[in-house]
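Right, one structure below, let's go through it.
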Amino acid sequence: MKRFGVAALSTLVLSSAFANFAGAQAGDIKVIINGVTQQYTQSPVVSQNTTLVPLRGVFESLGAKVDWDSKAKKVTASKNEDTLALNVGSKLAYKNSAPVQLDAATQIQKGQVLVPLRFVSQSLGAKVNWDQSTRTITISNQADGSTTGEANSLSSKPLTAPVTKVTYDTYYNDSLAYDDAVKLAIADSTTVKTAATNIDQAGKIMKEAGKNIDFVPAEAGDEGQDKAFKGYAQTNLNYEAAKKNLDMTKEGIEYNVKDLYNKLLQKQNAVKLAALNIEDAERKLKVAQIKRDNQMSSDYEVTQATNQLTQNQAALEKAKKDLDSAYVSLNQVIGYKPEQRYELKDKPVYSEFKDNVETKVSQVLTSSTAIWLSEQKVDLAELSLKLYNFSTPGNTPYEAEQLNVEKAQYATEGTKRQLEEAVRTIYNNIKALESQYSQIQAGLVSARSAADMAKKQFDVGLATELQVYEANLKVTTAEQQAEDIVTNIDTLKLAFDKPWAMQGSSGASAQ
């Protein structure tokens with residue numbers, strides 16, 4: 001059986017160096033694996049005098065394949081012929097079915113499984129070092145050809161070409177599909193509950209008003225009967241409007257969840273890209289320092305590279321905060337606790353938008369609840385005019401009742417124009433995003449070709465690691481920009497189908 005690694009961390013190092021490390025704060029701890037500084041959504045932590053590190057990030061960087069069983073809360077890692085298994089919350093792991101005692105129980109923080117640092121050497125045979133002065137963990141796996149030395153050489157090395165892979169993949173206690181999120185939001189919505197109560201209330205009022213109706217008047221006649229019928233007509237409208245309002249409320253929630261769900265996907269992409277940009281800045285700083293040390297440049301270039309790294313680190317912190325805020329926003333709508341984290345199961349896939357805008361305008365004008373309600377108000381105003389009794393003293397002037405009809409008609413026309421404009425605007429926005437998507441895809445062809453060429457040149461010693469990394473970073477950046485556009489299109493498609501839902505997402509009762 002092939003060994004998992006070649007170097008083992010000595011008991012002396014673990015008992016002395018990492019005892020000092022126990023007092024380090026999570027935010028101060030830096031992890032370098034095979035010469036590359038890592039960026040994790042959850043930094044290493046100290047628990048019960050034991051240092052815990054993100055399992056997936058560390059293990060995958062050392063060449064292991066990691067799988068997660070969310071139901072069993074079990075992690076399985078494999079490399080070559082060896083297999084590791086451990087359960088969250090347990091102090092016992094297994095290597096090829098043989099038990100391995102852990103210094104502390106595994107745990108989940110911010111969606112990542114954390115394991116004791118000693119387990120890295122126990123399972124992978126990696127070399128681990130702790131630098132107290134810089135609060136830095138250095139991990140290397142020399143058997144895979146990765147080293148942390150030879151830092152002062154600018155020449156290309158016959159190593160495996162670096163790739164822009166950020167250790168962002170996380171473990172979650174749960175996953176969430178979009179349709180399930182909509183169901184949760186509707187079930188948790190007090191607005192929906194209120195709208196359902198309004199239907200029941202309006203139905204009872206309408207039924208009571210109907211008891212006073214002996215016949216349907218064709219024109220003005222008995223004042224009391226006319227008044228009773230107009231009252232019944234109003235209560236009937238209120239009842240039907242209450243039912244429509246419930247539908248609109250649910251459609252508004254559907255749109256709101258879609259918007260928040262897709263924004264959360266975009267914030268995840270932003271964190272991934274920010275982490276990759278930090279690694280890019282660190283590589284450039286390393287090159288600048290080497291060039292300065294070899295009198296090939298001045299301190300100015302190092303200062304510039306250092307400033308860029310600082311800016312990128314600040315951008316990552318902001319991206320993480322934005323991601324947390326996006327989770328909180330969606331959690332608030334679906335009834336989850338603010339701190340709850342989960343995997344998003346549904347990612348939009350690009351497909352060309354082929355709907356006809358004129359057909360959609362016609363459909364919206366005939367199916368909109370807002371327009372229906374406005375037209376019902378016109379009918380009600382016309383009924384009041386039809387049943388107007390000139391002999392009743394103190395009545396509103398007939399001309400004023402006529403103006404009520406005109407006002408209701410103007411309101412209806414205005415609602416139609418607003419929805420028509422919304423449909424056309426959304427359509428144009430989708431088409432503009434599709435053009436951007438096509439441009440990015442065309443650029444991706446060139447970027448991927450350049451990255452492939454950089455790798456080939458690196459393999460024969462004609463390109464540096466930095467050049468390969470930057471070529472791959474351009475590909476990754478464009479891919480994530482394309483994903484963001486697809487999520488925007490996905491949200492707009494729902495708005496195009498039901499443009500009134502955008503207003504309903506903030507309060508359907510306003511319609």
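Going by the structure tokens order, chains are called A, B, ..., each with residues numbered from 1, while ligands are numbered from 1 in the order shown.
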
TODO: Write out as a ChimeraX atom specification all residues of segment 350-434 of chain A that DSSP puts in helix (DSSP H, G or I) for this structure's backbone.
DONE: /A:357-367,369-386,398-434

- [ ] Do a neighbour search on segment 131-137 of chain A at 6 Å with only C-alpha atoms, toss out local chain neighbours closer than 3 positions, and write the hits as a VMD selection string.
- [x] chain A and resid 29 to 31

Task: Given only C-alpha atoms as the counted atoms, nearest of A:Thr83, A:Lys207, A:Leu52, A:Val475 to Leu102 of chain A - done: A:Leu52

- [ ] Apply DSSP to the structure's backbone, then extract all residues of segment 90-124 of chain A labelled strand (DSSP E or B) and return them as a ChimeraX atom specification.
- [x] /A:92-95,98-101,107-109,112-116
